[in-house]
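Shown below: work.pdb, with PDB, C-alpha atoms.
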```
ATOM      1  CA  MET M   1     -24.274   4.710 -63.213  1.00  0.00           C
ATOM      2  CA  ALA M   2     -27.465   2.801 -62.393  1.00  0.00           C
ATOM      3  CA  THR M   3     -27.513  -0.919 -62.971  1.00  0.00           C
ATOM      4  CA  SER M   4     -30.254  -2.223 -65.233  1.00  0.00           C
ATOM      5  CA  ILE M   5     -32.049  -5.438 -66.110  1.00  0.00           C
ATOM      6  CA  VAL M   6     -32.746  -6.038 -69.786  1.00  0.00           C
ATOM      7  CA  GLY M   7     -34.701  -8.789 -71.512  1.00  0.00           C
ATOM      8  CA  ARG M   8     -37.803  -9.868 -73.424  1.00  0.00           C
ATOM      9  CA  ALA M   9     -38.650 -13.335 -72.090  1.00  0.00           C
ATOM     10  CA  ALA M  10     -37.736 -13.856 -68.438  1.00  0.00           C
ATOM     11  CA  CYS M  11     -38.599 -16.583 -65.959  1.00  0.00           C
ATOM     12  CA  LEU M  12     -39.487 -15.459 -62.418  1.00  0.00           C
ATOM     13  CA  ALA M  13     -37.583 -18.402 -60.991  1.00  0.00           C
ATOM     14  CA  ALA M  14     -34.403 -16.926 -62.462  1.00  0.00           C
ATOM     15  CA  LEU M  15     -35.055 -13.457 -61.056  1.00  0.00           C
ATOM     16  CA  PRO M  16     -32.507 -13.575 -58.182  1.00  0.00           C
ATOM     17  CA  PHE M  17     -29.798 -14.452 -60.694  1.00  0.00           C
ATOM     18  CA  LEU M  18     -30.839 -11.612 -62.991  1.00  0.00           C
ATOM     19  CA  LEU M  19     -30.542  -9.241 -60.081  1.00  0.00           C
ATOM     20  CA  LEU M  20     -27.204 -10.669 -59.118  1.00  0.00           C
ATOM     21  CA  ALA M  21     -25.881 -10.366 -62.644  1.00  0.00           C
ATOM     22  CA  GLY M  22     -27.048  -6.755 -62.872  1.00  0.00           C
ATOM     23  CA  ALA M  23     -27.756  -6.816 -66.624  1.00  0.00           C
ATOM     24  CA  VAL M  24     -29.082  -9.278 -69.158  1.00  0.00           C
ATOM     25  CA  ASN M  25     -28.578  -8.369 -72.810  1.00  0.00           C
ATOM     26  CA  ALA M  26     -31.616  -9.053 -74.998  1.00  0.00           C
ATOM     27  CA  ALA M  27     -34.223  -7.151 -76.943  1.00  0.00           C
ATOM     28  CA  GLY M  28     -36.984  -5.485 -74.911  1.00  0.00           C
ATOM     29  CA  PHE M  29     -37.116  -2.877 -72.144  1.00  0.00           C
ATOM     30  CA  SER M  30     -34.690  -2.223 -69.321  1.00  0.00           C
ATOM     31  CA  VAL M  31     -35.315  -1.182 -65.724  1.00  0.00           C
ATOM     32  CA  ALA M  32     -32.938   0.904 -63.632  1.00  0.00           C
ATOM     33  CA  PRO M  33     -32.128   0.739 -60.805  1.00  0.00           C
ATOM     34  CA  VAL M  34     -32.709  -2.923 -59.997  1.00  0.00           C
ATOM     35  CA  ARG M  35     -33.449  -2.251 -56.321  1.00  0.00           C
ATOM     36  CA  VAL M  36     -35.143   0.588 -54.430  1.00  0.00           C
ATOM     37  CA  ASN M  37     -34.158   1.356 -50.829  1.00  0.00           C
ATOM     38  CA  PHE M  38     -36.267   3.761 -48.771  1.00  0.00           C
ATOM     39  CA  ASP M  39     -34.715   5.165 -45.629  1.00  0.00           C
ATOM     40  CA  ALA M  40     -36.950   5.629 -42.580  1.00  0.00           C
ATOM     41  CA  THR M  41     -38.232   9.073 -43.656  1.00  0.00           C
ATOM     42  CA  GLN M  42     -38.049   8.956 -47.468  1.00  0.00           C
ATOM     43  CA  ARG M  43     -41.446   9.256 -49.137  1.00  0.00           C
ATOM     44  CA  SER M  44     -40.755   8.519 -52.803  1.00  0.00           C
ATOM     45  CA  ASP M  45     -38.220   7.383 -55.382  1.00  0.00           C
ATOM     46  CA  VAL M  46     -38.131   6.802 -59.139  1.00  0.00           C
ATOM     47  CA  VAL M  47     -37.152   4.052 -61.556  1.00  0.00           C
ATOM     48  CA  ARG M  48     -36.658   4.412 -65.294  1.00  0.00           C
ATOM     49  CA  LEU M  49     -37.823   2.001 -67.969  1.00  0.00           C
ATOM     50  CA  THR M  50     -36.166   2.288 -71.370  1.00  0.00           C
ATOM     51  CA  ASN M  51     -37.555   0.705 -74.527  1.00  0.00           C
ATOM     52  CA  ASP M  52     -34.553  -0.900 -76.242  1.00  0.00           C
ATOM     53  CA  SER M  53     -36.616  -2.476 -79.025  1.00  0.00           C
ATOM     54  CA  ALA M  54     -37.745  -1.177 -82.420  1.00  0.00           C
ATOM     55  CA  ASP M  55     -41.440  -1.340 -81.467  1.00  0.00           C
ATOM     56  CA  GLU M  56     -43.568   0.523 -78.971  1.00  0.00           C
ATOM     57  CA  VAL M  57     -43.986  -1.416 -75.742  1.00  0.00           C
ATOM     58  CA  SER M  58     -46.827  -1.175 -73.212  1.00  0.00           C
ATOM     59  CA  VAL M  59     -46.142  -2.019 -69.560  1.00  0.00           C
ATOM     60  CA  GLN M  60     -48.188  -2.534 -66.401  1.00  0.00           C
ATOM     61  CA  ALA M  61     -46.622  -2.099 -62.942  1.00  0.00           C
ATOM     62  CA  ASP M  62     -47.931  -3.951 -59.879  1.00  0.00           C
ATOM     63  CA  ALA M  63     -46.749  -3.773 -56.261  1.00  0.00           C
ATOM     64  CA  VAL M  64     -46.818  -6.767 -53.892  1.00  0.00           C
ATOM     65  CA  SER M  65     -45.711  -7.320 -50.336  1.00  0.00           C
ATOM     66  CA  TRP M  66     -42.952  -9.889 -49.973  1.00  0.00           C
ATOM     67  CA  ARG M  67     -42.249 -12.466 -47.313  1.00  0.00           C
ATOM     68  CA  GLN M  68     -40.616 -15.891 -47.221  1.00  0.00           C
ATOM     69  CA  ASP M  69     -41.904 -19.221 -45.940  1.00  0.00           C
ATOM     70  CA  GLU M  70     -40.072 -21.616 -43.646  1.00  0.00           C
ATOM     71  CA  ALA M  71     -38.089 -23.014 -46.589  1.00  0.00           C
ATOM     72  CA  GLY M  72     -37.048 -19.588 -47.841  1.00  0.00           C
ATOM     73  CA  GLY M  73     -39.562 -19.595 -50.697  1.00  0.00           C
ATOM     74  CA  ASP M  74     -40.919 -16.230 -51.818  1.00  0.00           C
ATOM     75  CA  LEU M  75     -44.558 -15.392 -51.063  1.00  0.00           C
ATOM     76  CA  TYR M  76     -46.345 -12.369 -52.545  1.00  0.00           C
ATOM     77  CA  GLU M  77     -49.595 -10.591 -51.732  1.00  0.00           C
ATOM     78  CA  ALA M  78     -51.237  -7.546 -53.293  1.00  0.00           C
ATOM     79  CA  THR M  79     -50.552  -4.400 -51.267  1.00  0.00           C
ATOM     80  CA  THR M  80     -51.694  -0.794 -50.993  1.00  0.00           C
ATOM     81  CA  ASP M  81     -48.528   0.273 -49.162  1.00  0.00           C
ATOM     82  CA  LEU M  82     -46.983   1.569 -52.407  1.00  0.00           C
ATOM     83  CA  LEU M  83     -48.317   3.988 -54.999  1.00  0.00           C
ATOM     84  CA  ILE M  84     -47.015   3.650 -58.580  1.00  0.00           C
ATOM     85  CA  VAL M  85     -47.424   6.550 -61.023  1.00  0.00           C
ATOM     86  CA  PRO M  86     -48.064   5.867 -63.859  1.00  0.00           C
ATOM     87  CA  ARG M  87     -49.172   2.272 -63.417  1.00  0.00           C
ATOM     88  CA  ILE M  88     -49.941   1.505 -67.087  1.00  0.00           C
ATOM     89  CA  PHE M  89     -48.013   3.238 -69.858  1.00  0.00           C
ATOM     90  CA  SER M  90     -46.523   2.887 -73.333  1.00  0.00           C
ATOM     91  CA  ILE M  91     -42.923   3.644 -74.312  1.00  0.00           C
ATOM     92  CA  PRO M  92     -41.963   4.526 -77.909  1.00  0.00           C
ATOM     93  CA  PRO M  93     -38.805   2.897 -79.347  1.00  0.00           C
ATOM     94  CA  GLY M  94     -35.646   4.322 -77.793  1.00  0.00           C
ATOM     95  CA  GLU M  95     -37.560   6.405 -75.236  1.00  0.00           C
ATOM     96  CA  THR M  96     -37.515   6.288 -71.418  1.00  0.00           C
ATOM     97  CA  GLN M  97     -40.454   6.389 -69.005  1.00  0.00           C
ATOM     98  CA  VAL M  98     -39.947   7.683 -65.464  1.00  0.00           C
ATOM     99  CA  VAL M  99     -42.059   5.799 -62.914  1.00  0.00           C
ATOM    100  CA  ARG M 100     -42.506   7.287 -59.457  1.00  0.00           C
ATOM    101  CA  ILE M 101     -42.852   4.981 -56.445  1.00  0.00           C
ATOM    102  CA  GLY M 102     -44.458   6.503 -53.365  1.00  0.00           C
ATOM    103  CA  ARG M 103     -44.796   4.955 -49.942  1.00  0.00           C
ATOM    104  CA  LEU M 104     -48.157   5.240 -48.181  1.00  0.00           C
ATOM    105  CA  VAL M 105     -47.143   3.743 -44.809  1.00  0.00           C
ATOM    106  CA  ALA M 106     -44.786   4.846 -42.074  1.00  0.00           C
ATOM    107  CA  ALA M 107     -41.619   2.892 -41.332  1.00  0.00           C
ATOM    108  CA  ASP M 108     -42.020  -0.080 -39.020  1.00  0.00           C
ATOM    109  CA  PRO M 109     -40.156   0.672 -35.782  1.00  0.00           C
ATOM    110  CA  ALA M 110     -38.229  -2.576 -35.603  1.00  0.00           C
ATOM    111  CA  ARG M 111     -38.332  -4.456 -38.912  1.00  0.00           C
ATOM    112  CA  GLN M 112     -37.551  -3.693 -42.540  1.00  0.00           C
ATOM    113  CA  GLY M 113     -40.489  -3.757 -44.946  1.00  0.00           C
ATOM    114  CA  ALA M 114     -40.010  -5.839 -48.108  1.00  0.00           C
ATOM    115  CA  TYR M 115     -41.898  -5.508 -51.397  1.00  0.00           C
ATOM    116  CA  ARG M 116     -41.498  -6.175 -55.089  1.00  0.00           C
ATOM    117  CA  ILE M 117     -42.714  -4.252 -58.101  1.00  0.00           C
ATOM    118  CA  PHE M 118     -43.360  -6.368 -61.191  1.00  0.00           C
ATOM    119  CA  PHE M 119     -43.223  -4.702 -64.601  1.00  0.00           C
ATOM    120  CA  THR M 120     -45.191  -6.783 -67.108  1.00  0.00           C
ATOM    121  CA  GLU M 121     -45.134  -6.209 -70.859  1.00  0.00           C
ATOM    122  CA  LEU M 122     -48.689  -6.069 -72.199  1.00  0.00           C
ATOM    123  CA  ALA M 123     -49.594  -7.925 -75.379  1.00  0.00           C
ATOM    124  CA  PRO M 124     -50.484  -5.635 -78.316  1.00  0.00           C
ATOM    125  CA  PRO M 125     -54.112  -5.712 -79.476  1.00  0.00           C
ATOM    126  CA  THR M 126     -54.894  -8.363 -82.082  1.00  0.00           C
ATOM    127  CA  GLU M 127     -55.749  -6.974 -85.493  1.00  0.00           C
ATOM    128  CA  PRO M 128     -58.962  -8.208 -87.215  1.00  0.00           C
ATOM    129  CA  GLY M 129     -58.243 -11.460 -89.048  1.00  0.00           C
ATOM    130  CA  GLU M 130     -54.829 -11.852 -87.409  1.00  0.00           C
ATOM    131  CA  THR M 131     -53.903 -15.397 -86.420  1.00  0.00           C
ATOM    132  CA  THR M 132     -53.349 -15.850 -82.676  1.00  0.00           C
ATOM    133  CA  THR M 133     -49.776 -16.921 -81.900  1.00  0.00           C
ATOM    134  CA  LEU M 134     -47.909 -17.787 -78.726  1.00  0.00           C
ATOM    135  CA  ASN M 135     -45.991 -14.671 -77.692  1.00  0.00           C
ATOM    136  CA  PHE M 136     -43.779 -14.637 -74.617  1.00  0.00           C
ATOM    137  CA  ARG M 137     -43.952 -11.393 -72.652  1.00  0.00           C
ATOM    138  CA  LEU M 138     -41.317  -9.952 -70.377  1.00  0.00           C
ATOM    139  CA  ARG M 139     -42.017  -9.743 -66.653  1.00  0.00           C
ATOM    140  CA  LEU M 140     -39.335  -8.233 -64.455  1.00  0.00           C
ATOM    141  CA  GLY M 141     -39.472  -7.624 -60.716  1.00  0.00           C
ATOM    142  CA  ILE M 142     -37.382  -5.316 -58.558  1.00  0.00           C
ATOM    143  CA  PRO M 143     -37.170  -5.435 -54.751  1.00  0.00           C
ATOM    144  CA  VAL M 144     -38.291  -2.446 -52.694  1.00  0.00           C
ATOM    145  CA  PHE M 145     -37.083  -2.201 -49.098  1.00  0.00           C
ATOM    146  CA  MET M 146     -38.217   0.191 -46.340  1.00  0.00           C
ATOM    147  CA  ALA M 147     -35.714   0.685 -43.539  1.00  0.00           C
ATOM    148  CA  PRO M 148     -36.978   0.268 -39.951  1.00  0.00           C
ATOM    149  CA  ALA M 149     -37.463   3.511 -38.013  1.00  0.00           C
ATOM    150  CA  GLU M 150     -35.086   2.441 -35.251  1.00  0.00           C
ATOM    151  CA  GLY M 151     -32.374   1.211 -37.621  1.00  0.00           C
ATOM    152  CA  GLY M 152     -30.914  -2.246 -37.861  1.00  0.00           C
ATOM    153  CA  ALA M 153     -28.735  -4.684 -39.749  1.00  0.00           C
ATOM    154  CA  PRO M 154     -28.793  -8.234 -41.105  1.00  0.00           C
ATOM    155  CA  GLU M 155     -27.147 -11.011 -39.120  1.00  0.00           C
ATOM    156  CA  LEU M 156     -26.329 -14.243 -40.909  1.00  0.00           C
ATOM    157  CA  SER M 157     -26.235 -17.352 -38.726  1.00  0.00           C
ATOM    158  CA  LEU M 158     -25.312 -20.921 -39.629  1.00  0.00           C
ATOM    159  CA  VAL M 159     -28.090 -23.307 -38.589  1.00  0.00           C
ATOM    160  CA  ARG M 160     -26.261 -26.423 -39.725  1.00  0.00           C
ATOM    161  CA  SER M 161     -23.857 -27.811 -42.309  1.00  0.00           C
ATOM    162  CA  ASP M 162     -23.897 -31.500 -43.151  1.00  0.00           C
ATOM    163  CA  ARG M 163     -21.995 -33.548 -45.674  1.00  0.00           C
ATOM    164  CA  THR M 164     -24.375 -35.645 -47.784  1.00  0.00           C
ATOM    165  CA  ASP M 165     -23.894 -38.025 -50.706  1.00  0.00           C
ATOM    166  CA  SER M 166     -24.652 -35.086 -53.036  1.00  0.00           C
ATOM    167  CA  GLY M 167     -22.331 -32.525 -51.470  1.00  0.00           C
ATOM    168  CA  LEU M 168     -22.373 -30.011 -48.633  1.00  0.00           C
ATOM    169  CA  GLU M 169     -25.798 -29.067 -47.268  1.00  0.00           C
ATOM    170  CA  VAL M 170     -25.803 -25.615 -45.683  1.00  0.00           C
ATOM    171  CA  VAL M 171     -28.742 -24.018 -43.850  1.00  0.00           C
ATOM    172  CA  LEU M 172     -28.505 -20.270 -43.150  1.00  0.00           C
ATOM    173  CA  ASN M 173     -30.760 -17.980 -41.122  1.00  0.00           C
ATOM    174  CA  ASN M 174     -31.029 -14.185 -41.109  1.00  0.00           C
ATOM    175  CA  THR M 175     -31.545 -13.324 -37.441  1.00  0.00           C
ATOM    176  CA  GLY M 176     -31.269  -9.576 -38.056  1.00  0.00           C
ATOM    177  CA  ASN M 177     -34.065  -7.128 -38.901  1.00  0.00           C
ATOM    178  CA  THR M 178     -33.029  -6.176 -42.464  1.00  0.00           C
ATOM    179  CA  HIS M 179     -32.455  -8.223 -45.606  1.00  0.00           C
ATOM    180  CA  LEU M 180     -29.253  -9.449 -47.156  1.00  0.00           C
ATOM    181  CA  GLN M 181     -28.424 -11.044 -50.496  1.00  0.00           C
ATOM    182  CA  LEU M 182     -26.359 -14.214 -50.492  1.00  0.00           C
ATOM    183  CA  LEU M 183     -23.961 -14.039 -53.423  1.00  0.00           C
ATOM    184  CA  THR M 184     -21.542 -16.982 -53.347  1.00  0.00           C
ATOM    185  CA  LEU M 185     -20.373 -19.778 -51.075  1.00  0.00           C
ATOM    186  CA  ARG M 186     -16.646 -20.572 -51.206  1.00  0.00           C
ATOM    187  CA  SER M 187     -14.638 -23.256 -49.472  1.00  0.00           C
ATOM    188  CA  GLY M 188     -12.226 -21.752 -46.987  1.00  0.00           C
ATOM    189  CA  ARG M 189     -10.178 -24.938 -46.522  1.00  0.00           C
ATOM    190  CA  SER M 190     -10.601 -28.274 -48.278  1.00  0.00           C
ATOM    191  CA  ILE M 191      -8.727 -31.527 -47.798  1.00  0.00           C
ATOM    192  CA  GLY M 192      -8.397 -34.608 -49.992  1.00  0.00           C
ATOM    193  CA  ARG M 193      -7.026 -35.784 -53.297  1.00  0.00           C
ATOM    194  CA  GLY M 194      -7.462 -33.108 -55.930  1.00  0.00           C
ATOM    195  CA  ALA M 195      -8.584 -30.606 -53.294  1.00  0.00           C
ATOM    196  CA  HIS M 196      -9.337 -27.178 -54.717  1.00  0.00           C
ATOM    197  CA  GLU M 197     -11.430 -24.141 -53.878  1.00  0.00           C
ATOM    198  CA  ILE M 198     -15.140 -24.781 -54.326  1.00  0.00           C
ATOM    199  CA  GLU M 199     -17.199 -21.761 -55.416  1.00  0.00           C
ATOM    200  CA  HIS M 200     -20.976 -21.958 -55.722  1.00  0.00           C
ATOM    201  CA  THR M 201     -23.307 -19.134 -56.784  1.00  0.00           C
ATOM    202  CA  LEU M 202     -26.221 -18.633 -54.375  1.00  0.00           C
ATOM    203  CA  GLY M 203     -27.905 -15.511 -55.779  1.00  0.00           C
ATOM    204  CA  ALA M 204     -30.709 -15.445 -53.206  1.00  0.00           C
ATOM    205  CA  TYR M 205     -32.264 -12.881 -50.892  1.00  0.00           C
ATOM    206  CA  LEU M 206     -32.751 -13.741 -47.240  1.00  0.00           C
ATOM    207  CA  LEU M 207     -35.373 -11.560 -45.543  1.00  0.00           C
ATOM    208  CA  PRO M 208     -35.368 -10.893 -41.772  1.00  0.00           C
ATOM    209  CA  GLY M 209     -36.146 -14.047 -39.809  1.00  0.00           C
ATOM    210  CA  SER M 210     -35.958 -16.285 -42.884  1.00  0.00           C
ATOM    211  CA  THR M 211     -34.074 -19.568 -43.246  1.00  0.00           C
ATOM    212  CA  ARG M 212     -32.835 -21.133 -46.467  1.00  0.00           C
ATOM    213  CA  ARG M 213     -31.167 -24.429 -47.405  1.00  0.00           C
ATOM    214  CA  PHE M 214     -28.484 -24.765 -50.065  1.00  0.00           C
ATOM    215  CA  LEU M 215     -26.831 -27.869 -51.475  1.00  0.00           C
ATOM    216  CA  VAL M 216     -23.304 -27.211 -52.717  1.00  0.00           C
ATOM    217  CA  PRO M 217     -21.867 -29.873 -55.064  1.00  0.00           C
ATOM    218  CA  VAL M 218     -18.606 -31.200 -53.606  1.00  0.00           C
ATOM    219  CA  PRO M 219     -16.668 -34.234 -54.951  1.00  0.00           C
ATOM    220  CA  PRO M 220     -16.886 -37.189 -52.503  1.00  0.00           C
ATOM    221  CA  ASP M 221     -13.105 -37.378 -52.047  1.00  0.00           C
ATOM    222  CA  ILE M 222     -12.856 -33.755 -50.846  1.00  0.00           C
ATOM    223  CA  ARG M 223     -13.619 -32.698 -47.292  1.00  0.00           C
ATOM    224  CA  ILE M 224     -14.593 -29.098 -46.549  1.00  0.00           C
ATOM    225  CA  ASP M 225     -13.322 -27.932 -43.145  1.00  0.00           C
ATOM    226  CA  SER M 226     -14.560 -24.351 -43.473  1.00  0.00           C
ATOM    227  CA  PHE M 227     -16.456 -22.200 -45.941  1.00  0.00           C
ATOM    228  CA  LEU M 228     -17.156 -18.531 -46.607  1.00  0.00           C
ATOM    229  CA  VAL M 229     -20.435 -16.880 -47.615  1.00  0.00           C
ATOM    230  CA  ASP M 230     -20.207 -13.617 -49.555  1.00  0.00           C
ATOM    231  CA  THR M 231     -23.109 -11.183 -49.071  1.00  0.00           C
ATOM    232  CA  ASP M 232     -24.042  -7.817 -50.525  1.00  0.00           C
ATOM    233  CA  VAL M 233     -24.407  -5.778 -47.314  1.00  0.00           C
ATOM    234  CA  ALA M 234     -22.902  -7.879 -44.514  1.00  0.00           C
ATOM    235  CA  GLY M 235     -19.507  -8.657 -46.011  1.00  0.00           C
ATOM    236  CA  THR M 236     -18.066 -12.182 -45.956  1.00  0.00           C
ATOM    237  CA  MET M 237     -18.833 -14.669 -43.183  1.00  0.00           C
ATOM    238  CA  GLU M 238     -16.684 -17.719 -42.411  1.00  0.00           C
ATOM    239  CA  TYR M 239     -18.012 -20.857 -40.762  1.00  0.00           C
ATOM    240  CA  ALA M 240     -16.566 -24.187 -39.695  1.00  0.00           C
ATOM    241  CA  ALA M 241     -18.090 -27.103 -41.601  1.00  0.00           C
ATOM    242  CA  ARG M 242     -19.162 -30.298 -39.894  1.00  0.00           C
ATOM    243  CA  ARG M 243     -16.844 -33.139 -40.789  1.00  0.00           C
ATOM    244  CA  SER M 244     -18.011 -36.342 -42.441  1.00  0.00           C
ATOM    245  CA  GLN M 245     -18.731 -39.143 -40.009  1.00  0.00           C
TER
END
```
This entry written out as structure tokens:
Amino acid sequence: MATSIVGRAACLAALPFLLLAGAVNAAGFSVAPVRVNFDATQRSDVVRLTNDSADEVSVQADAVSWRQDEAGGDLYEATTDLLIVPRIFSIPPGETQVVRIGRLVAADPARQGAYRIFFTELAPPTEPGETTTLNFRLRLGIPVFMAPAEGGAPELSLVRSDRTDSGLEVVLNNTGNTHLQLLTLRSGRSIGRGAHEIEHTLGAYLLPGSTRRFLVPVPPDIRIDSFLVDTDVAGTMEYAARRSQ
């Protein structure tokens, strides 16, 4: 069964966590699946939007290319690499709209292509004499990935891990040529009074060649000797942590 995202008012900053959770229960429309993966030769795929509310909802779909800056922040640009049909549509209550996503470019030989499609709820037209009110509109984005023609895999590398006054600072780099999603960071072995397993939700994508810093809260009287990072497609990685000086 396809996983879906559901909601009416969503913040883009929380999007990785929505994707990680798989479903958010609220009034509005839902999108399934929450991620589209094209293999090297696939030309099209579909997603389904279902109106879970009691009112008709109008939606606009926009495709953007996706890359990450040196700090792991997401950067988007308009793109013509994807064709969305239909791009603007209305869904009656309880009905489902099929949206076809077509690719207009060939697979890159050596690197995965990364995109997002944002589905934005359009405000209904204002009736004559109606008072204008603040109305939050749902905007949901799903990742779209295009596999490289020559194949590949993610490779998660530890750049550094340092104990700070605030906790454990971990910097990770994806040296592979496809994405991965960082799910959780768990302490493999901790030492100190009241030592226990530390588990911290990451919920972030790491695109090929990208680096990202995380600060994991750790009590000052606990030392982390090793930690594990759970990912969606590369399994679990274990690293030795740098000891406090």
Show me, as a compact mmCIF listing (two decimals) with C-alpha atoms, in the frame of the given file, the residues that have an atom within 10 Å of stretch 84-88 of chain M when counting all atoms listed in the file, minus same-chain residues fewer than 4 positions from it.
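New file result20.txt:
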```
# COMPACT_ATOMS: atom_id res chain seq x y z
CA SER M 44 -40.76 8.52 -52.80
CA VAL M 46 -38.13 6.80 -59.14
CA SER M 58 -46.83 -1.18 -73.21
CA VAL M 59 -46.14 -2.02 -69.56
CA GLN M 60 -48.19 -2.53 -66.40
CA ALA M 61 -46.62 -2.10 -62.94
CA ASP M 62 -47.93 -3.95 -59.88
CA ALA M 63 -46.75 -3.77 -56.26
CA THR M 80 -51.69 -0.79 -50.99
CA GLN M 97 -40.45 6.39 -69.00
CA VAL M 98 -39.95 7.68 -65.46
CA VAL M 99 -42.06 5.80 -62.91
CA ARG M 100 -42.51 7.29 -59.46
CA ILE M 101 -42.85 4.98 -56.44
CA GLY M 102 -44.46 6.50 -53.36
CA ARG M 103 -44.80 4.96 -49.94
CA ILE M 117 -42.71 -4.25 -58.10
CA PHE M 119 -43.22 -4.70 -64.60
CA THR M 120 -45.19 -6.78 -67.11
CA GLU M 121 -45.13 -6.21 -70.86
CA LEU M 122 -48.69 -6.07 -72.20
```
Just so the selection is clear, what residues does the PyMOL selection byres ((chain M and resi 231-235) around 8) cover here, as a ChimeraX atom specification? /M:154-155,180-184,229-230,236-237
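When all atoms listed in the file are used to measure the gap to M:Pro93, the shortest distance among M:Val36, M:Ala107, M:Val216, M:Ala54 belongs to M:Ala54.
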Decode the PyMOL selection byres ((chain M and resi 157) around 6) for the given file into explicit residues and return them as a VMD selection string. chain M and resid 156 158 172 to 173
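Shortest separation to M:Ser30 among M:Pro208, M:Gly152, M:Gly94, M:Pro220 occurs at residue M:Gly94, atoms counted being only C-alpha atoms.
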For a test of reading the model, state the distance in Å between atom CA of M:Ala78 and atom CA of M:Thr41, rounded to one decimal. 23.2 Å
Looking at M:Asp108, M:Asp162, M:Asp45, M:Glu95, which one is nearest to M:Ala147, with distances taken over all atoms listed in the file? M:Asp108
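The gap separating atom CA of M:Ala71 from atom CA of M:Arg139 is 24.4 Å, in Å to one decimal.
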Coordinates-based distance that separates atom CA of M:Gly188 from atom CA of M:Leu207 (Å, one decimal): 25.3 Å
May I ask which of the residues M:Asn37, M:Thr96, M:Thr164, M:Ser187 is the closest one to M:Ala114, counting only C-alpha atoms? M:Asn37
Convert the output of the PyMOL selection byres ((chain M and resi 213) around 7) on the shown file into explicit residues, formatted as a count of residues only. 6
Which one of M:Met146, M:Ile198, M:Val47, M:Ile224 sits closest to M:Leu104 if you count all atoms listed in the file? M:Met146
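For the set M:Ala32, M:Ser65, M:Thr175, M:Phe227, the residue with the smallest atom-to-atom gap to M:Leu49 is M:Ala32, counting all atoms listed in the file.
Residues with any atom within 7 Å of M:Asp225, counting all atoms listed in the file and excluding same-chain neighbours fewer than 4 positions away, are M:Arg189, M:Ser190, M:Ala240, M:Ala241, M:Arg243.
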Assuming 5 Å of padding per side, give the centre and edge lengths of the axis-aligned box around every listed atom of stretch 215-221 of chain M, in Å to one decimal and as AutoDock Vina command-line options.
```
--center_x -20.0 --center_y -32.3 --center_z -53.3 --size_x 23.7 --size_y 20.2 --size_z 13.6
```
